[in-house]
Each structure stands twice: as structure tokens, then as C-alpha cells.
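Just model.cif here, mmCIF, C-alpha atoms:
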data_start
loop_
_atom_site.group_PDB
_atom_site.id
_atom_site.type_symbol
_atom_site.label_atom_id
_atom_site.label_comp_id
_atom_site.auth_asym_id
_atom_site.auth_seq_id
_atom_site.Cartn_x
_atom_site.Cartn_y
_atom_site.Cartn_z
ATOM 1 C CA MET J 1 0.000 0.000 0.000
ATOM 2 C CA ASN J 2 1.516 3.328 -1.052
ATOM 3 C CA ARG J 3 1.227 6.679 0.721
ATOM 4 C CA ARG J 4 -1.689 7.876 -1.455
ATOM 5 C CA GLU J 5 -3.686 4.694 -0.750
ATOM 6 C CA MET J 6 -3.075 5.063 2.994
ATOM 7 C CA ILE J 7 -4.288 8.673 2.958
ATOM 8 C CA ALA J 8 -7.365 7.836 0.884
ATOM 9 C CA GLY J 9 -8.249 4.803 2.997
ATOM 10 C CA GLY J 10 -8.036 6.726 6.252
ATOM 11 C CA LEU J 11 -10.023 9.629 4.893
ATOM 12 C CA ALA J 12 -12.775 7.430 3.479
ATOM 13 C CA LEU J 13 -13.398 6.107 6.985
ATOM 14 C CA ALA J 14 -13.625 9.632 8.358
ATOM 15 C CA GLY J 15 -16.653 10.504 6.197
ATOM 16 C CA THR J 16 -17.702 13.985 5.184
ATOM 17 C CA PRO J 17 -16.033 16.625 7.355
ATOM 18 C CA ALA J 18 -18.524 18.577 9.434
ATOM 19 C CA LEU J 19 -18.538 22.317 8.779
ATOM 20 C CA VAL J 20 -18.083 24.428 11.880
ATOM 21 C CA ARG J 21 -18.123 27.980 10.601
ATOM 22 C CA ALA J 22 -17.913 29.817 7.306
ATOM 23 C CA GLN J 23 -15.694 32.794 6.597
ATOM 24 C CA ASN J 24 -14.461 34.856 3.668
ATOM 25 C CA GLN J 25 -17.513 34.730 1.421
ATOM 26 C CA VAL J 26 -16.365 35.172 -2.165
ATOM 27 C CA GLN J 27 -18.363 37.463 -4.424
ATOM 28 C CA THR J 28 -18.579 36.111 -7.958
ATOM 29 C CA GLU J 29 -19.028 38.381 -10.946
ATOM 30 C CA ALA J 30 -22.276 36.714 -11.950
ATOM 31 C CA GLU J 31 -23.840 35.342 -8.759
ATOM 32 C CA VAL J 32 -25.957 32.294 -9.565
ATOM 33 C CA PRO J 33 -29.235 32.348 -7.614
ATOM 34 C CA GLY J 34 -29.618 29.463 -5.181
ATOM 35 C CA LEU J 35 -25.967 28.370 -5.390
ATOM 36 C CA MET J 36 -23.578 28.679 -2.497
ATOM 37 C CA ALA J 37 -20.585 30.827 -3.382
ATOM 38 C CA PRO J 38 -17.164 29.361 -2.569
ATOM 39 C CA HIS J 39 -16.210 30.125 1.008
ATOM 40 C CA ILE J 40 -13.768 29.022 3.700
ATOM 41 C CA VAL J 41 -14.914 26.627 6.410
ATOM 42 C CA GLU J 42 -13.279 25.116 9.461
ATOM 43 C CA LEU J 43 -13.384 21.322 9.359
ATOM 44 C CA ALA J 44 -14.307 19.296 12.438
ATOM 45 C CA GLN J 45 -11.744 16.701 11.295
ATOM 46 C CA PRO J 46 -8.735 18.402 9.686
ATOM 47 C CA LEU J 47 -7.476 17.036 6.377
ATOM 48 C CA PRO J 48 -3.937 17.437 4.987
ATOM 49 C CA PRO J 49 -3.532 20.862 3.354
ATOM 50 C CA TYR J 50 -3.473 21.595 -0.374
ATOM 51 C CA GLN J 51 -5.538 18.635 -1.554
ATOM 52 C CA VAL J 52 -8.868 18.254 -3.357
ATOM 53 C CA HIS J 53 -11.536 16.133 -1.612
ATOM 54 C CA VAL J 54 -14.822 15.303 -3.368
ATOM 55 C CA PHE J 55 -17.751 14.103 -1.229
ATOM 56 C CA PRO J 56 -20.407 12.919 -3.713
ATOM 57 C CA ASP J 57 -23.333 12.503 -1.313
ATOM 58 C CA ALA J 58 -22.966 16.079 -0.077
ATOM 59 C CA PHE J 59 -22.230 17.393 -3.608
ATOM 60 C CA ARG J 60 -19.277 19.294 -2.195
ATOM 61 C CA LEU J 61 -15.643 19.699 -3.175
ATOM 62 C CA TYR J 62 -13.053 20.890 -0.642
ATOM 63 C CA TRP J 63 -9.679 22.501 -1.378
ATOM 64 C CA THR J 64 -7.929 22.034 1.947
ATOM 65 C CA LEU J 65 -5.843 24.672 3.694
ATOM 66 C CA PRO J 66 -3.477 24.588 6.695
ATOM 67 C CA ASP J 67 -4.805 24.503 10.263
ATOM 68 C CA GLY J 68 -7.979 22.550 9.480
ATOM 69 C CA PHE J 69 -9.618 25.007 7.076
ATOM 70 C CA ALA J 70 -10.815 24.487 3.500
ATOM 71 C CA TRP J 71 -12.479 26.221 0.597
ATOM 72 C CA VAL J 72 -15.813 24.533 -0.160
ATOM 73 C CA TYR J 73 -17.594 24.479 -3.548
ATOM 74 C CA PRO J 74 -20.974 23.027 -4.626
ATOM 75 C CA ILE J 75 -20.625 20.451 -7.404
ATOM 76 C CA ARG J 76 -22.367 17.869 -9.555
ATOM 77 C CA VAL J 77 -21.012 14.309 -9.802
ATOM 78 C CA GLY J 78 -21.177 11.230 -12.019
ATOM 79 C CA ARG J 79 -24.459 9.414 -12.340
ATOM 80 C CA ASP J 80 -25.077 5.802 -11.352
ATOM 81 C CA ASN J 81 -22.045 3.570 -11.828
ATOM 82 C CA LEU J 82 -20.165 6.219 -13.848
ATOM 83 C CA TYR J 83 -18.878 7.862 -10.660
ATOM 84 C CA GLU J 84 -15.412 6.463 -9.873
ATOM 85 C CA THR J 85 -13.838 6.550 -6.426
ATOM 86 C CA GLY J 86 -10.142 6.615 -5.692
ATOM 87 C CA THR J 87 -7.005 8.637 -5.269
ATOM 88 C CA PHE J 88 -5.704 10.648 -8.207
ATOM 89 C CA TYR J 89 -3.375 13.537 -8.950
ATOM 90 C CA VAL J 90 -3.739 16.572 -11.210
ATOM 91 C CA GLY J 91 -1.768 15.537 -14.300
ATOM 92 C CA ALA J 92 -2.824 18.452 -16.532
ATOM 93 C CA LYS J 93 -4.641 21.789 -16.304
ATOM 94 C CA LYS J 94 -6.288 23.578 -19.210
ATOM 95 C CA GLU J 95 -8.099 26.866 -19.752
ATOM 96 C CA TRP J 96 -11.054 26.706 -22.161
ATOM 97 C CA PRO J 97 -10.104 23.101 -23.001
ATOM 98 C CA SER J 98 -11.174 21.223 -26.096
ATOM 99 C CA TRP J 99 -13.323 18.152 -25.494
ATOM 100 C CA THR J 100 -13.746 14.748 -27.082
ATOM 101 C CA PRO J 101 -16.310 12.260 -25.728
ATOM 102 C CA THR J 102 -14.862 8.934 -24.608
ATOM 103 C CA PRO J 103 -15.648 5.781 -26.603
ATOM 104 C CA GLY J 104 -17.855 4.673 -23.694
ATOM 105 C CA MET J 105 -19.911 7.865 -23.902
ATOM 106 C CA ILE J 106 -20.394 7.417 -27.654
ATOM 107 C CA GLU J 107 -21.388 3.786 -27.162
ATOM 108 C CA ARG J 108 -23.911 4.605 -24.404
ATOM 109 C CA GLU J 109 -25.496 7.611 -26.129
ATOM 110 C CA PRO J 110 -24.496 7.753 -29.828
ATOM 111 C CA GLU J 111 -27.355 10.128 -30.668
ATOM 112 C CA LYS J 112 -25.859 12.672 -28.286
ATOM 113 C CA TYR J 113 -22.094 12.192 -28.632
ATOM 114 C CA LYS J 114 -21.278 10.600 -32.042
ATOM 115 C CA GLN J 115 -21.287 14.011 -33.748
ATOM 116 C CA TYR J 116 -18.388 15.112 -31.490
ATOM 117 C CA GLU J 117 -16.161 12.026 -31.909
ATOM 118 C CA ASP J 118 -13.505 14.197 -33.593
ATOM 119 C CA GLY J 119 -13.655 16.709 -30.745
ATOM 120 C CA MET J 120 -15.060 20.130 -29.960
ATOM 121 C CA PRO J 121 -12.911 23.255 -29.560
ATOM 122 C CA GLY J 122 -12.897 25.085 -26.262
ATOM 123 C CA GLY J 123 -15.459 27.817 -25.656
ATOM 124 C CA PRO J 124 -18.606 28.740 -23.724
ATOM 125 C CA ASP J 125 -20.655 25.837 -25.169
ATOM 126 C CA ASN J 126 -17.974 23.200 -24.563
ATOM 127 C CA PRO J 127 -18.961 20.590 -21.905
ATOM 128 C CA LEU J 128 -15.663 21.111 -20.017
ATOM 129 C CA GLY J 129 -16.430 24.789 -19.514
ATOM 130 C CA ALA J 130 -13.928 27.495 -18.670
ATOM 131 C CA ARG J 131 -11.293 25.367 -16.928
ATOM 132 C CA ALA J 132 -10.473 21.695 -16.328
ATOM 133 C CA LEU J 133 -8.247 19.687 -14.001
ATOM 134 C CA TYR J 134 -7.303 16.324 -15.548
ATOM 135 C CA LEU J 135 -7.120 13.410 -13.112
ATOM 136 C CA PHE J 136 -4.323 10.876 -13.491
ATOM 137 C CA THR J 137 -3.049 7.837 -11.594
ATOM 138 C CA GLU J 138 0.458 6.400 -11.666
ATOM 139 C CA GLU J 139 -0.853 3.100 -13.043
ATOM 140 C CA ARG J 140 -3.295 4.364 -15.692
ATOM 141 C CA GLY J 141 -2.008 7.799 -16.618
ATOM 142 C CA ASP J 142 -4.942 9.930 -17.810
ATOM 143 C CA THR J 143 -8.133 8.406 -16.372
ATOM 144 C CA PHE J 144 -10.422 10.618 -18.528
ATOM 145 C CA LEU J 145 -11.946 11.906 -15.283
ATOM 146 C CA ARG J 146 -12.058 15.683 -14.973
ATOM 147 C CA ILE J 147 -12.961 18.371 -12.493
ATOM 148 C CA HIS J 148 -14.317 21.013 -14.817
ATOM 149 C CA GLY J 149 -16.584 23.972 -15.346
ATOM 150 C CA THR J 150 -20.125 24.035 -16.683
ATOM 151 C CA ASN J 151 -22.477 26.742 -17.893
ATOM 152 C CA ASP J 152 -25.472 24.693 -16.662
ATOM 153 C CA PRO J 153 -26.062 25.625 -12.994
ATOM 154 C CA ALA J 154 -29.210 23.462 -12.877
ATOM 155 C CA THR J 155 -26.968 20.370 -12.755
ATOM 156 C CA ILE J 156 -25.182 21.387 -9.532
ATOM 157 C CA GLY J 157 -26.246 19.246 -6.591
ATOM 158 C CA ARG J 158 -27.162 16.324 -8.849
ATOM 159 C CA ALA J 159 -25.584 13.054 -10.040
ATOM 160 C CA VAL J 160 -25.886 13.633 -13.793
ATOM 161 C CA SER J 161 -22.460 13.586 -15.457
ATOM 162 C CA ASN J 162 -20.506 10.859 -17.255
ATOM 163 C CA GLY J 163 -18.247 10.478 -14.225
ATOM 164 C CA CYS J 164 -16.651 13.895 -13.820
ATOM 165 C CA ALA J 165 -17.134 16.454 -11.048
ATOM 166 C CA GLY J 166 -18.463 19.789 -12.293
ATOM 167 C CA LEU J 167 -18.654 23.310 -10.891
ATOM 168 C CA VAL J 168 -20.235 26.406 -12.412
ATOM 169 C CA ASN J 169 -17.640 28.208 -14.524
ATOM 170 C CA GLU J 170 -17.094 31.086 -12.078
ATOM 171 C CA HIS J 171 -16.415 28.655 -9.229
ATOM 172 C CA MET J 172 -14.187 26.456 -11.401
ATOM 173 C CA THR J 173 -12.054 29.448 -12.367
ATOM 174 C CA HIS J 174 -11.712 30.300 -8.659
ATOM 175 C CA LEU J 175 -10.628 26.722 -7.823
ATOM 176 C CA TYR J 176 -8.359 26.347 -10.864
ATOM 177 C CA ASP J 177 -6.200 29.291 -9.821
ATOM 178 C CA LYS J 178 -5.556 27.658 -6.423
ATOM 179 C CA VAL J 179 -4.790 24.040 -7.387
ATOM 180 C CA PRO J 180 -1.250 23.367 -8.680
ATOM 181 C CA MET J 181 -0.123 20.489 -10.866
ATOM 182 C CA ASN J 182 0.379 17.145 -9.096
ATOM 183 C CA SER J 183 -2.083 18.005 -6.302
ATOM 184 C CA LEU J 184 -3.660 14.972 -4.642
ATOM 185 C CA VAL J 185 -7.368 14.430 -5.430
ATOM 186 C CA VAL J 186 -9.560 12.041 -3.406
ATOM 187 C CA LEU J 187 -12.971 10.990 -4.756
ATOM 188 C CA TYR J 188 -14.869 9.399 -1.883
ATOM 189 C CA PRO J 189 -17.404 6.588 -2.335
ATOM 190 C CA LYS J 190 -21.118 7.227 -2.533
ATOM 191 C CA ARG J 191 -23.182 5.820 0.312
ATOM 192 C CA PRO J 192 -25.054 2.711 -0.804
ATOM 193 C CA THR J 193 -28.763 3.297 -1.345
ATOM 194 C CA SER J 194 -31.037 0.813 0.361
ATOM 195 C CA ALA J 195 -33.696 -0.814 -1.777
ATOM 196 C CA ALA J 196 -37.305 0.004 -0.884
ATOM 197 C CA SER J 197 -39.080 -2.834 0.900
#
Kindly present the structure from the file in C-alpha cells form.
Amino acid sequence: MNRREMIAGGLALAGTPALVRAQNQVQTEAEVPGLMAPHIVELAQPLPPYQVHVFPDAFRLYWTLPDGFAWVYPIRVGRDNLYETGTFYVGAKKEWPSWTPTPGMIEREPEKYKQYEDGMPGGPDNPLGARALYLFTEERGDTFLRIHGTNDPATIGRAVSNGCAGLVNEHMTHLYDKVPMNSLVVLYPKRPTSAAS
């Protein structure tokens, strides 16, 4: 078991960190009604600083800071079994990135994605939005998982994507400027849903 696996395993047992108090409310240029702006919170259980932690059930992403504080952002996550848990690192960062659907996306929904199999240039209508962090592992290299922007705020707080974590573009730009290359990223498991009896 390597250091990243040990960190991820210990953190997964800790669960979602409880928020104690919020500070430093950030004003965004175009405030999105009903969405929480990024802000700093004090965590009940401190996490190592300068890491990204995604808690899918809470639809929250944390960029951790020293002394038990973190920036918190509202997000959307992958739907059904497309959400992948694990420990990753930021292997690339791109502003207004181009986008190409994965073969799996084209196979699942050809009517939606086949037309883009040769890619789509970056821009306001691109599914990766204004900024993207590309998640890698040592074993697989690029995992095709992204933390990226979206111009569709109605998707925040929902499990709707093809596996990636998404933030509204203004929030993603705010996060992107903070997260350096090679930062550790932990995607925590979803809680199992119990079947109705």
C-alpha cells in the first residue's frame, strides 16, 4: 500500500467533514441564484492541506488549507455507476479546453455524442467549460476523469455527469487558480442506497 492509498483509505473512513463555521464569502461576478458561493470553512476533522476532496453525497468539493480550514464548492457528480472513487493527482490543467467524448460515452449515447467524436474546440458551449483539471493515476495515466466547469447551474447538486465532477464556470475558475499540478485528489465513495421494501 503506497502513501496515497493510505491517505485515501483513512479519509474514506472519516466521512464527510462537518462544517463548523464559514468565513471569507467570495463574491462572484455573476452570482448564480440558489448556489452557495465558494467560502472558507473550518473542518471538524482536519485534512492534509493543499488537496482536493470530493464528497459525492454532499455534492461538495473541498480545497484544503493549513490549520484545518478548506475552501468549499458546490458540485455535480457522475451518475449511477459512472462515478469512480479513488485517489488521483492533477496531471494536466487547461483553460477553455477542447473536449472529445470517450468511446464509452459514444457507445452509451451515440445520438448525443457521435457528432463530437472528432472533438469540440474550447469555448462557452464546450462541456468542459472554462477550466479543467485532468485526473491521473500512476498506473493508468490519464483516467479521462475531470474536475471542470459548466455553464449549466441546474446540474449542480445532482448526479448527472458521465463520471466527472463539475462546478459552475465562475467557481471552477476560482478553484483552478488555487490548485497546482500534481495536487492529490480524493474521490470518496457514494453511500449505498437501500432498496425500498
Q: Name every residue that the PyMOL selection byres ((chain J and resi 129) around 10) selects in this structure, writing the answer as a ChimeraX atom specification with chains first and numbers rising.
A: /J:95-99,122-128,130-132,148-152,166-170,172-173
Q. Using only C-alpha atoms, can you list as JSON, numbers by chain the residues within 10 Å of (-4.1, 25.7, -11.5)?
A. {"J": [90, 92, 93, 94, 95, 131, 132, 133, 173, 174, 175, 176, 177, 178, 179, 180, 181, 182, 183]}
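Going from atom CA of J:Arg60 over to atom CA of J:Thr85, you cover 14.5 Å.
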Q: For the structure provided, state which residues fall under the PyMOL selection byres ((chain J and resi 117) around 12), and present them as number ranges by chain.
A: J: 98-107, 109-116, 118-121
Could the residues in this selection be written to a file with C-alpha atoms, as a PDB file, in the frame of the given file?
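In the end it all went to result-v6.pdb:
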ATOM      1  CA  SER J  98     -11.174  21.223 -26.096  1.00  0.00           C
ATOM      2  CA  TRP J  99     -13.323  18.152 -25.494  1.00  0.00           C
ATOM      3  CA  THR J 100     -13.746  14.748 -27.082  1.00  0.00           C
ATOM      4  CA  PRO J 101     -16.310  12.260 -25.728  1.00  0.00           C
ATOM      5  CA  THR J 102     -14.862   8.934 -24.608  1.00  0.00           C
ATOM      6  CA  PRO J 103     -15.648   5.781 -26.603  1.00  0.00           C
ATOM      7  CA  GLY J 104     -17.855   4.673 -23.694  1.00  0.00           C
ATOM      8  CA  MET J 105     -19.911   7.865 -23.902  1.00  0.00           C
ATOM      9  CA  ILE J 106     -20.394   7.417 -27.654  1.00  0.00           C
ATOM     10  CA  GLU J 107     -21.388   3.786 -27.162  1.00  0.00           C
ATOM     11  CA  GLU J 109     -25.496   7.611 -26.129  1.00  0.00           C
ATOM     12  CA  PRO J 110     -24.496   7.753 -29.828  1.00  0.00           C
ATOM     13  CA  GLU J 111     -27.355  10.128 -30.668  1.00  0.00           C
ATOM     14  CA  LYS J 112     -25.859  12.672 -28.286  1.00  0.00           C
ATOM     15  CA  TYR J 113     -22.094  12.192 -28.632  1.00  0.00           C
ATOM     16  CA  LYS J 114     -21.278  10.600 -32.042  1.00  0.00           C
ATOM     17  CA  GLN J 115     -21.287  14.011 -33.748  1.00  0.00           C
ATOM     18  CA  TYR J 116     -18.388  15.112 -31.490  1.00  0.00           C
ATOM     19  CA  ASP J 118     -13.505  14.197 -33.593  1.00  0.00           C
ATOM     20  CA  GLY J 119     -13.655  16.709 -30.745  1.00  0.00           C
ATOM     21  CA  MET J 120     -15.060  20.130 -29.960  1.00  0.00           C
ATOM     22  CA  PRO J 121     -12.911  23.255 -29.560  1.00  0.00           C
TER      23      PRO J 121
END
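For the pair atom CA of J:Cys164 and atom CA of J:Gly91, the separation is 15.0 Å.
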Q. Any idea what the distance is between atom CA of J:Tyr73 and atom CA of J:Ile40?
A. 9.4 Å
Q) Around (-3.0, 15.2, -4.5) in the file's own coordinates, what residues are found within 8 Å if you use all atoms listed in the file, given back as an MDAnalysis selection string? A) chainID J and resid 50:52 87:90 182:186
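The closest residue to J:Tyr62, picked from J:Val77, J:Leu43, J:Leu82, J:Val160 and counting only C-alpha atoms, is J:Leu43.
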Q.
Here is a test: counting only C-alpha atoms, which residue of J:His171, J:Arg140, J:Arg158, J:Arg108 is nearest to J:Gly78?
A. J:Arg158
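Between J:Asn162 and the candidates J:Ala37, J:Tyr83, J:Ala58, J:Phe69, the tightest atom-to-atom separation, counting all atoms listed in the file, involves J:Tyr83.
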Q: Name the residues that the PyMOL selection byres ((chain J and resi 156) around 7) picks from the file above, as a PyMOL selection string, using the file's chain letters and numbers.
A: chain J and resi 74-76+153-155+157-158+167
